[in-house]
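> Structure supplied as work-v7.csv; contents: CSV, C-alpha atoms.
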```csv
chain,number,residue,atom,x,y,z
A,309,MET,CA,-50.3,67.2,260.6
A,310,ARG,CA,-49.6,63.9,258.8
A,311,SER,CA,-50.3,65.5,255.4
A,312,LEU,CA,-47.9,68.3,256.2
A,313,LEU,CA,-45.2,65.8,257.1
A,314,ARG,CA,-45.9,63.9,253.9
A,315,GLY,CA,-45.7,67.1,251.9
A,316,GLY,CA,-42.4,67.9,253.5
A,317,ILE,CA,-40.9,64.5,252.7
A,318,VAL,CA,-42.1,64.7,249.1
A,319,SER,CA,-40.6,68.2,248.7
A,320,ALA,CA,-37.3,67.1,250.1
A,321,PHE,CA,-37.2,64.1,247.8
A,322,VAL,CA,-38.0,66.2,244.7
A,323,LEU,CA,-35.3,68.8,245.7
A,324,THR,CA,-32.7,66.1,246.3
A,325,THR,CA,-33.5,64.5,242.9
A,326,LEU,CA,-33.2,67.9,241.2
A,327,ILE,CA,-29.9,68.7,242.8
A,328,ALA,CA,-28.5,65.2,242.1
A,329,GLY,CA,-29.7,65.5,238.4
A,330,THR,CA,-28.0,68.8,238.0
A,331,VAL,CA,-24.7,67.6,239.4
A,332,LEU,CA,-24.8,64.4,237.2
A,333,ARG,CA,-25.6,66.5,234.1
A,334,ALA,CA,-22.7,68.8,234.9
A,335,GLN,CA,-20.4,65.8,235.3
A,336,GLU,CA,-21.7,64.4,231.9
A,337,ASN,CA,-21.0,67.8,230.2
A,338,LYS,CA,-17.4,67.9,231.6
A,339,PRO,CA,-15.0,67.2,228.7
A,340,VAL,CA,-13.0,64.0,228.9
A,341,LYS,CA,-9.5,65.1,229.5
A,342,ILE,CA,-6.7,64.2,227.1
A,343,LYS,CA,-3.6,62.8,228.6
A,344,ALA,CA,-0.7,65.2,228.5
A,345,SER,CA,2.1,65.9,230.9
A,346,ALA,CA,3.7,68.9,229.2
A,347,ILE,CA,2.8,71.7,226.9
A,348,LYS,CA,5.0,73.6,224.5
A,349,VAL,CA,3.9,77.1,223.6
A,350,GLU,CA,4.8,78.4,220.2
A,351,MET,CA,5.2,82.1,219.5
A,352,ILE,CA,1.9,83.8,218.5
A,353,GLN,CA,1.6,84.1,214.7
A,354,SER,CA,0.1,87.1,213.0
A,355,ASP,CA,0.9,86.8,209.3
A,356,GLU,CA,-2.4,88.1,208.0
A,357,ILE,CA,-3.0,90.7,210.7
A,358,LYS,CA,-0.5,93.4,211.6
A,359,LEU,CA,0.1,93.1,215.3
A,360,PRO,CA,2.5,95.4,217.2
A,361,ALA,CA,5.5,93.5,218.4
A,362,GLU,CA,4.8,94.3,222.1
A,363,PHE,CA,1.3,92.7,221.8
A,364,GLN,CA,2.8,89.6,220.2
A,365,VAL,CA,5.4,89.2,223.0
A,366,ALA,CA,2.9,90.1,225.8
A,367,LEU,CA,0.5,87.4,224.5
A,368,TYR,CA,3.2,84.8,224.5
A,369,GLU,CA,4.7,85.8,227.9
A,370,ASP,CA,1.2,86.1,229.6
A,371,LEU,CA,0.2,82.7,228.2
A,372,ILE,CA,3.2,81.0,229.5
A,373,GLN,CA,2.8,82.7,232.9
A,374,GLN,CA,-0.9,81.7,233.2
A,375,LEU,CA,-0.2,78.1,232.1
A,376,GLN,CA,2.5,77.9,234.8
A,377,LYS,CA,0.1,79.4,237.3
A,378,LYS,CA,-2.6,76.8,236.6
A,379,GLY,CA,-0.2,74.0,237.1
A,380,GLY,CA,-0.7,70.4,236.1
A,381,LEU,CA,1.4,70.5,232.9
A,382,HIS,CA,5.0,71.3,232.5
A,383,VAL,CA,5.3,74.4,230.3
A,384,TYR,CA,8.0,74.6,227.7
A,385,ARG,CA,8.9,77.7,225.6
A,386,GLU,CA,9.2,77.6,221.8
A,387,GLY,CA,12.6,76.1,220.8
A,388,ASP,CA,13.3,74.6,224.2
A,389,ARG,CA,15.5,71.6,223.6
A,390,ASN,CA,14.3,69.8,226.8
A,391,ALA,CA,10.8,69.5,225.3
A,392,ALA,CA,12.1,66.8,222.9
A,393,ASP,CA,12.4,64.3,225.8
A,394,ALA,CA,8.9,65.2,227.3
A,395,ALA,CA,6.3,62.4,227.3
A,396,ASP,CA,2.8,63.2,226.1
A,397,LEU,CA,3.8,66.6,224.8
A,398,VAL,CA,1.1,68.9,223.5
A,399,VAL,CA,2.1,71.8,221.2
A,400,LEU,CA,0.0,75.0,221.3
A,401,HIS,CA,-0.1,77.0,218.1
A,402,SER,CA,-1.9,80.4,218.2
A,403,THR,CA,-2.8,82.5,215.2
A,404,VAL,CA,-4.2,86.0,215.4
A,405,ARG,CA,-7.5,86.3,213.5
A,406,GLY,CA,-8.6,89.8,214.6
A,407,PHE,CA,-7.1,92.8,216.3
A,408,LYS,CA,-8.6,96.1,217.2
A,409,GLU,CA,-6.3,98.4,219.1
A,410,GLY,CA,-8.4,100.7,221.3
A,411,SER,CA,-7.3,103.7,223.3
A,412,GLU,CA,-6.7,103.8,227.1
A,413,LYS,CA,-7.4,107.5,227.1
A,414,MET,CA,-10.7,107.0,225.3
A,415,ARG,CA,-11.7,104.3,227.7
A,416,GLU,CA,-10.9,106.4,230.8
A,417,VAL,CA,-12.7,109.5,229.5
A,418,THR,CA,-15.8,107.9,227.9
A,419,THR,CA,-16.0,104.5,229.6
A,420,VAL,CA,-18.0,103.0,226.7
A,421,ALA,CA,-15.6,103.6,223.8
A,422,GLY,CA,-12.0,102.7,223.1
A,423,ALA,CA,-12.0,98.9,223.9
A,424,THR,CA,-9.1,96.8,222.7
A,425,SER,CA,-9.8,93.3,221.5
A,426,ILE,CA,-7.8,90.4,220.1
A,427,ALA,CA,-9.3,87.2,218.5
A,428,ILE,CA,-6.9,84.2,218.4
A,429,HIS,CA,-7.4,80.8,217.0
A,430,CYS,CA,-5.7,78.2,219.2
A,431,VAL,CA,-4.8,74.7,218.0
A,432,PHE,CA,-3.5,72.1,220.4
A,433,LYS,CA,-1.5,69.5,218.5
A,434,ASP,CA,0.4,66.3,219.5
A,435,ARG,CA,4.0,65.7,218.7
A,436,GLU,CA,3.2,64.3,215.3
A,437,GLY,CA,1.2,67.4,214.4
A,438,LYS,CA,-2.3,65.9,214.7
A,439,ALA,CA,-4.8,68.4,216.0
A,440,LEU,CA,-6.2,67.4,219.4
A,441,LEU,CA,-8.3,70.5,220.1
A,442,GLU,CA,-9.2,73.8,218.4
A,443,SER,CA,-10.6,76.8,220.0
A,444,ASP,CA,-11.2,80.5,219.3
A,445,VAL,CA,-10.3,82.8,222.2
A,446,LYS,CA,-11.0,86.5,222.6
A,447,GLY,CA,-9.0,88.9,224.8
A,448,ASN,CA,-10.6,92.2,225.7
A,449,VAL,CA,-10.0,95.3,227.7
A,450,ARG,CA,-13.1,97.4,228.0
A,451,PHE,CA,-12.9,99.7,231.0
A,452,PHE,CA,-9.7,100.1,233.0
A,453,GLY,CA,-6.1,99.3,232.2
A,454,GLY,CA,-3.6,99.6,229.3
A,455,ASN,CA,-4.2,98.0,225.9
A,456,LEU,CA,-1.8,95.2,226.8
A,457,ARG,CA,-4.3,94.0,229.4
A,458,ALA,CA,-6.2,92.3,226.6
A,459,THR,CA,-3.3,89.9,226.3
A,460,TYR,CA,-3.8,88.9,230.0
A,461,ASP,CA,-7.5,88.3,229.4
A,462,PHE,CA,-6.6,86.0,226.4
A,463,ALA,CA,-3.9,84.2,228.4
A,464,LYS,CA,-6.3,83.5,231.3
A,465,LYS,CA,-9.0,82.1,229.1
A,466,THR,CA,-6.6,79.9,227.2
A,467,ALA,CA,-5.0,78.6,230.4
A,468,GLN,CA,-8.5,77.6,231.6
A,469,ILE,CA,-9.2,75.8,228.3
A,470,THR,CA,-5.9,73.9,228.6
A,471,HIS,CA,-6.7,73.0,232.2
A,472,ASP,CA,-10.2,71.8,231.3
A,473,HIS,CA,-9.1,69.6,228.4
A,474,PHE,CA,-5.6,68.2,229.3
A,475,SER,CA,-4.4,66.4,232.3
A,476,PRO,CA,-1.4,64.2,233.2
A,477,THR,CA,-3.9,61.4,234.0
A,478,ALA,CA,-6.2,60.6,231.0
A,479,GLY,CA,-9.9,60.9,231.4
A,480,ALA,CA,-9.6,62.6,234.8
B,501,MET,CA,62.6,133.8,197.7
B,502,GLY,CA,60.8,131.4,195.3
B,503,THR,CA,62.9,128.5,196.6
B,504,GLN,CA,61.9,129.2,200.2
B,505,VAL,CA,58.2,129.3,199.3
B,506,ARG,CA,58.5,126.1,197.5
B,507,ARG,CA,60.3,124.5,200.4
B,508,ALA,CA,57.7,125.8,202.9
B,509,LEU,CA,54.9,124.4,200.6
B,510,LYS,CA,56.7,121.0,200.4
B,511,ALA,CA,57.0,120.9,204.2
B,512,VAL,CA,53.3,121.6,204.6
B,513,ARG,CA,52.5,118.9,202.0
B,514,ILE,CA,54.7,116.4,203.8
B,515,ARG,CA,53.1,117.2,207.1
B,516,ARG,CA,49.6,116.8,205.6
B,517,ALA,CA,50.5,113.5,204.1
B,518,PHE,CA,52.0,112.3,207.4
B,519,LEU,CA,48.9,113.4,209.3
B,520,THR,CA,46.6,111.7,206.8
B,521,ILE,CA,48.6,108.4,206.8
B,522,SER,CA,48.8,108.4,210.6
B,523,MET,CA,45.0,109.1,210.9
B,524,ALA,CA,44.3,106.3,208.4
B,525,ALA,CA,46.7,103.9,210.3
B,526,PHE,CA,45.1,104.5,213.7
B,527,SER,CA,41.4,104.8,212.6
B,528,PRO,CA,40.8,101.0,213.0
B,529,LEU,CA,41.9,101.4,216.7
B,530,ALA,CA,40.0,104.6,217.2
B,531,LEU,CA,36.6,103.3,216.0
B,532,PRO,CA,36.2,100.4,218.5
B,533,ILE,CA,37.3,102.7,221.3
B,534,LEU,CA,34.5,105.1,220.4
B,535,ALA,CA,32.0,102.2,219.9
B,536,GLN,CA,32.9,100.7,223.3
B,537,GLN,CA,32.2,103.9,225.2
B,538,PRO,CA,29.7,102.9,227.9
B,539,VAL,CA,26.2,104.2,227.2
B,540,GLN,CA,24.5,106.2,230.0
B,541,PRO,CA,22.0,104.0,231.9
B,542,VAL,CA,18.4,104.6,230.7
B,543,LYS,CA,15.6,104.6,233.2
B,544,VAL,CA,13.0,102.0,232.1
B,545,THR,CA,10.1,100.0,233.3
B,546,GLN,CA,10.2,96.3,232.6
B,547,ILE,CA,6.7,95.4,231.6
B,548,THR,CA,7.2,91.7,231.2
B,549,GLY,CA,9.6,89.0,230.0
B,550,LEU,CA,12.9,89.3,231.9
B,551,MET,CA,13.7,86.1,233.9
B,552,GLY,CA,13.6,86.7,237.6
B,553,VAL,CA,12.1,90.2,237.4
B,554,THR,CA,8.5,90.8,238.3
B,555,LYS,CA,6.1,92.7,236.0
B,556,ASN,CA,6.2,96.5,235.9
B,557,THR,CA,9.6,96.8,237.7
B,558,GLY,CA,11.5,100.1,237.3
B,559,GLY,CA,15.3,99.9,236.7
B,560,ASN,CA,18.2,101.0,234.6
B,561,LEU,CA,19.1,99.5,231.3
B,562,THR,CA,22.6,99.6,229.7
B,563,VAL,CA,24.2,98.0,226.8
B,564,GLU,CA,27.8,97.1,227.5
B,565,GLY,CA,30.3,94.4,226.6
B,566,GLY,CA,27.9,92.5,224.4
B,567,ASN,CA,25.2,92.3,227.0
B,568,LEU,CA,22.0,94.1,227.9
B,569,HIS,CA,22.0,94.9,231.6
B,570,PHE,CA,18.9,95.5,233.7
B,571,ASN,CA,19.6,96.7,237.2
B,572,HIS,CA,16.9,97.1,239.9
B,573,GLU,CA,18.3,97.4,243.5
B,574,GLN,CA,19.9,94.0,244.1
B,575,THR,CA,18.4,92.4,241.0
B,576,LYS,CA,20.7,92.3,238.0
B,577,VAL,CA,19.8,90.6,234.8
B,578,GLU,CA,22.0,90.2,231.7
B,579,VAL,CA,21.0,89.1,228.3
B,580,ALA,CA,23.6,88.5,225.6
B,581,THR,CA,23.0,90.7,222.5
B,582,THR,CA,24.0,87.8,220.3
B,583,SER,CA,21.0,85.8,221.6
B,584,MET,CA,18.6,88.5,220.5
B,585,GLU,CA,16.6,87.6,217.5
B,586,ASP,CA,14.5,90.7,217.2
B,587,VAL,CA,14.6,94.2,218.6
B,588,VAL,CA,11.7,96.5,217.8
B,589,THR,CA,10.8,100.0,219.0
B,590,GLY,CA,7.3,101.5,219.3
B,591,GLY,CA,5.4,104.2,221.0
B,592,ASP,CA,2.7,104.4,223.7
B,593,SER,CA,1.4,106.8,226.3
B,594,GLN,CA,0.4,106.8,229.9
B,595,ARG,CA,-1.5,108.9,232.3
B,596,LEU,CA,0.5,111.8,233.7
B,597,LEU,CA,-0.7,110.7,237.2
B,598,HIS,CA,-0.2,106.9,237.2
B,599,GLY,CA,0.4,104.2,239.8
B,600,THR,CA,-1.6,104.2,243.0
B,601,LEU,CA,-2.1,108.0,242.9
B,602,GLY,CA,-3.5,107.7,239.4
B,603,THR,CA,-5.9,105.0,240.5
B,604,LEU,CA,-7.1,107.1,243.3
B,605,THR,CA,-7.6,110.2,241.1
B,606,MET,CA,-10.0,108.0,238.9
B,607,LEU,CA,-12.4,108.2,241.8
B,608,ALA,CA,-12.3,112.0,242.1
B,609,PRO,CA,-15.7,113.6,242.0
B,610,TYR,CA,-17.6,115.4,239.2
B,611,GLY,CA,-15.7,113.6,236.5
B,612,SER,CA,-12.4,115.3,237.4
B,613,GLY,CA,-10.7,111.9,237.3
B,614,ARG,CA,-11.7,111.5,233.7
B,615,PHE,CA,-10.5,115.0,233.0
B,616,LEU,CA,-7.1,114.1,234.4
B,617,SER,CA,-7.0,111.2,232.0
B,618,LEU,CA,-6.6,113.7,229.2
B,619,PHE,CA,-3.1,114.6,230.4
B,620,ARG,CA,-0.7,112.0,229.2
B,621,THR,CA,3.0,111.5,228.7
B,622,LYS,CA,4.3,109.8,225.6
B,623,LEU,CA,6.5,106.7,226.0
B,624,ASP,CA,8.9,104.7,223.9
B,625,THR,CA,8.6,100.9,223.9
B,626,LEU,CA,11.5,98.5,223.3
B,627,THR,CA,10.5,94.9,222.6
B,628,VAL,CA,13.3,92.2,222.6
B,629,LYS,CA,13.0,88.6,221.6
B,630,TYR,CA,15.8,86.4,222.9
B,631,ARG,CA,16.8,82.8,223.5
B,632,ASP,CA,17.9,81.3,226.8
B,633,THR,CA,20.6,78.7,227.2
B,634,ASP,CA,18.2,75.8,226.4
B,635,GLY,CA,17.0,77.6,223.2
B,636,GLY,CA,13.7,78.7,224.7
B,637,LEU,CA,12.2,81.8,223.2
B,638,HIS,CA,11.6,84.8,225.6
B,639,GLY,CA,10.2,88.2,224.9
B,640,ALA,CA,10.8,91.3,227.0
B,641,ILE,CA,9.0,94.7,226.9
B,642,PHE,CA,10.4,97.9,228.3
B,643,THR,CA,8.9,101.4,228.3
B,644,MET,CA,11.1,104.5,228.6
B,645,ALA,CA,11.2,108.2,227.9
B,646,VAL,CA,10.6,109.3,224.3
B,647,GLY,CA,13.7,109.1,222.1
B,648,LYS,CA,15.6,106.6,224.2
B,649,ALA,CA,14.4,103.4,222.6
B,650,ASP,CA,16.0,104.1,219.2
B,651,VAL,CA,19.4,104.8,220.9
B,652,LEU,CA,19.2,101.5,222.8
B,653,LYS,CA,18.2,99.7,219.6
B,654,LYS,CA,21.1,101.1,217.7
B,655,GLU,CA,23.5,100.1,220.5
B,656,LEU,CA,22.0,96.5,220.6
B,657,LEU,CA,22.3,96.1,216.9
B,658,ALA,CA,25.9,97.4,216.9
B,659,GLN,CA,26.8,94.7,219.5
B,660,GLY,CA,25.3,91.7,217.6
B,661,ALA,CA,21.5,91.8,218.1
B,662,HIS,CA,19.2,91.2,215.1
B,663,THR,CA,16.0,92.9,214.0
B,664,THR,CA,13.2,92.3,211.6
B,665,ALA,CA,12.5,96.0,211.4
B,666,PRO,CA,15.8,97.7,210.3
B,667,GLU,CA,15.7,101.4,211.0
B,668,GLU,CA,15.3,103.8,208.0
B,669,PRO,CA,17.7,106.8,208.1
B,670,SER,CA,14.8,109.3,207.9
B,671,ASN,CA,12.8,107.5,210.4
B,672,SER,CA,14.9,108.3,213.5
B,673,ALA,CA,14.8,112.0,213.1
B,674,ALA,CA,11.1,112.0,212.3
B,675,ALA,CA,10.4,109.7,215.3
B,676,GLN,CA,11.3,112.5,217.7
B,677,THR,CA,8.2,114.4,216.8
B,678,PRO,CA,5.0,113.5,218.6
B,679,ALA,CA,3.1,113.3,215.4
B,680,ALA,CA,5.5,110.8,214.0
B,681,LYS,CA,5.2,108.6,217.1
B,682,GLU,CA,1.4,108.6,216.8
B,683,GLN,CA,1.7,107.5,213.1
B,684,LYS,CA,4.0,104.7,214.2
B,685,ARG,CA,1.3,103.0,216.1
```
Could you write out this structure as structure tokens?


Amino acid sequence: MRSLLRGGIVSAFVLTTLIAGTVLRAQENKPVKIKASAIKVEMIQSDEIKLPAEFQVALYEDLIQQLQKKGGLHVYREGDRNAADAADLVVLHSTVRGFKEGSEKMREVTTVAGATSIAIHCVFKDREGKALLESDVKGNVRFFGGNLRATYDFAKKTAQITHDHFSPTAGA
Amino acid sequence: MGTQVRRALKAVRIRRAFLTISMAAFSPLALPILAQQPVQPVKVTQITGLMGVTKNTGGNLTVEGGNLHFNHEQTKVEVATTSMEDVVTGGDSQRLLHGTLGTLTMLAPYGSGRFLSLFRTKLDTLTVKYRDTDGGLHGAIFTMAVGKADVLKKELLAQGAHTTAPEEPSNSAAAQTPAAKEQKR
């Protein structure tokens, strides 16, 4: 009876230690957030890769919408004069590195073929133009939805990256 | 007899000259009147980008008085054509059965949903980049019936909008054929 009780206590202790260790490790892996109160989104550039105008605009609009949805930072559009007065402003530059326009018809008929994918290199810079963070983000649409859904996928991922690395309170 | 013929010919010439001069004199007035004729509203779906309008909203688009008007029930949005930095047309396609009914047919048995996906309608897309009053850049995308986007683009350009893809004369006629639209993509 006593050995059973001792075994139980030891198991509970080991389990608690393991859980605590995992939580601590997760906290250690969490990136230290950079202080920023506002973000200015520049129009997506695609000088090397020919990107249809509707994709370029959808990427930009979806990105702004997702950043606004995440909250935390005030979002400015390219050219917005009000951004000049914003403190701790981060400027997001995005360049298209790869684009494969699939086919919605092909996706719906075959399920496995016709995926649309966009690869974009994102650089977060400060007001002086110093790069604070760089990241490659992919947007895909594999099964359902129109080709423009790939832009939503990209926007969601980029908004998450922004949320994970930037905060109005530094180191939060 | 000869004198009468000469007189008649002279009268005809004078009338012709008068007509030509009067047409030339009034043509600067006539052209703007023709240009300002209101364009018929075009049924469109606003995919994204118009301020205060939710995604995938259907409505009517008109170009009038130096503005692009989007009307959907009580929602009315105006964008000044002079604030437009780029107007580009393109092509796309959608399922013949789309919306909620289209989604439901995807679940139809024995692959019939997939079969229905083969039936599609072609669409024109109109992409507009414009600036708001603070200088912020916006982008709006509209889809509409084939052949309508080029007409709207021409109207926008005539009223002060800019484009990075100026239309080629042979392109507009060719764009009407489905094959040409496919190549455009």

> Which residues come within 7 Å of stretch 376-380 of chain A, counting only C-alpha atoms, excluding same-chain residues fewer than 5 positions away, as a list in words?

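Everything that qualifies: Ala467, Ser475 and Pro476 of chain A.
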
> For chain B, which residue out of A:Val340, A:Leu456, A:Ala395, A:Leu375 is the nearest one, using all atoms listed in the file?

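Of A:Val340, A:Leu456, A:Ala395, A:Leu375, the one nearest chain B is A:Leu456, counting all atoms listed in the file.
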
> If we draw a sphere of 6 Å around (12.5, 89.5, 225.8), which residues have at least one atom in it when counting all atoms listed in the file? Please report them as a PyMOL selection string.

chain B and resi 549+628-630+638-640

> Select, from A:Leu359, A:Ile428, A:Ile347, A:Val365, the residue with the minimum atom-to-atom distance to chain B, counting only C-alpha atoms.

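Checking each of A:Leu359, A:Ile428, A:Ile347, A:Val365 against chain B, counting only C-alpha atoms, the winner is A:Val365.
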
> For chain B, report every residue with an atom at most 6 Å from chain A (counting only C-alpha atoms), formatted as a PyMOL selection string.

chain B and resi 614+627+634-637+639

> Have a look at atom CA of A:Glu442 and atom CA of A:Ala423 and let me know their distance in Å, one decimal.

25.8 Å

> Give as a list in words every residue, naming chains and numbers as the document does, that has an atom within 12 Å of (-0.7, 77.8, 214.1), counting only C-alpha atoms.

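The answer, in the requested form, is Val349, Glu350, Met351, Ile352, Gln353, Ser354, Asp355, Val399, Leu400, His401, Ser402, Thr403, Val404, Arg405, Ile428, His429, Cys430, Val431, Phe432, Lys433, Gly437, Ala439, Glu442 and Ser443 of chain A.
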
> Just the selected residues (C-alpha atoms), exported as an mmCIF file, in the coordinates of the input, please.


```
data_model
loop_
_atom_site.group_PDB
_atom_site.id
_atom_site.type_symbol
_atom_site.label_atom_id
_atom_site.label_comp_id
_atom_site.auth_asym_id
_atom_site.auth_seq_id
_atom_site.Cartn_x
_atom_site.Cartn_y
_atom_site.Cartn_z
ATOM 1 C CA VAL A 349 3.900 77.100 223.600
ATOM 2 C CA GLU A 350 4.800 78.400 220.200
ATOM 3 C CA MET A 351 5.200 82.100 219.500
ATOM 4 C CA ILE A 352 1.900 83.800 218.500
ATOM 5 C CA GLN A 353 1.600 84.100 214.700
ATOM 6 C CA SER A 354 0.100 87.100 213.000
ATOM 7 C CA ASP A 355 0.900 86.800 209.300
ATOM 8 C CA VAL A 399 2.100 71.800 221.200
ATOM 9 C CA LEU A 400 0.000 75.000 221.300
ATOM 10 C CA HIS A 401 -0.100 77.000 218.100
ATOM 11 C CA SER A 402 -1.900 80.400 218.200
ATOM 12 C CA THR A 403 -2.800 82.500 215.200
ATOM 13 C CA VAL A 404 -4.200 86.000 215.400
ATOM 14 C CA ARG A 405 -7.500 86.300 213.500
ATOM 15 C CA ILE A 428 -6.900 84.200 218.400
ATOM 16 C CA HIS A 429 -7.400 80.800 217.000
ATOM 17 C CA CYS A 430 -5.700 78.200 219.200
ATOM 18 C CA VAL A 431 -4.800 74.700 218.000
ATOM 19 C CA PHE A 432 -3.500 72.100 220.400
ATOM 20 C CA LYS A 433 -1.500 69.500 218.500
ATOM 21 C CA GLY A 437 1.200 67.400 214.400
ATOM 22 C CA ALA A 439 -4.800 68.400 216.000
ATOM 23 C CA GLU A 442 -9.200 73.800 218.400
ATOM 24 C CA SER A 443 -10.600 76.800 220.000
#
```

> To one decimal place in Å, what is the distance between atom CA of A:Leu440 and atom CA of A:Ser425?

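Taking atom CA of A:Leu440 and atom CA of A:Ser425, their separation equals 26.2 Å.
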
> Name the closest residue to B:Leu623 among the candidates B:Leu561, B:Leu568, B:Ile514, B:Val544; distances are taken between atoms, counting only C-alpha atoms.

B:Val544
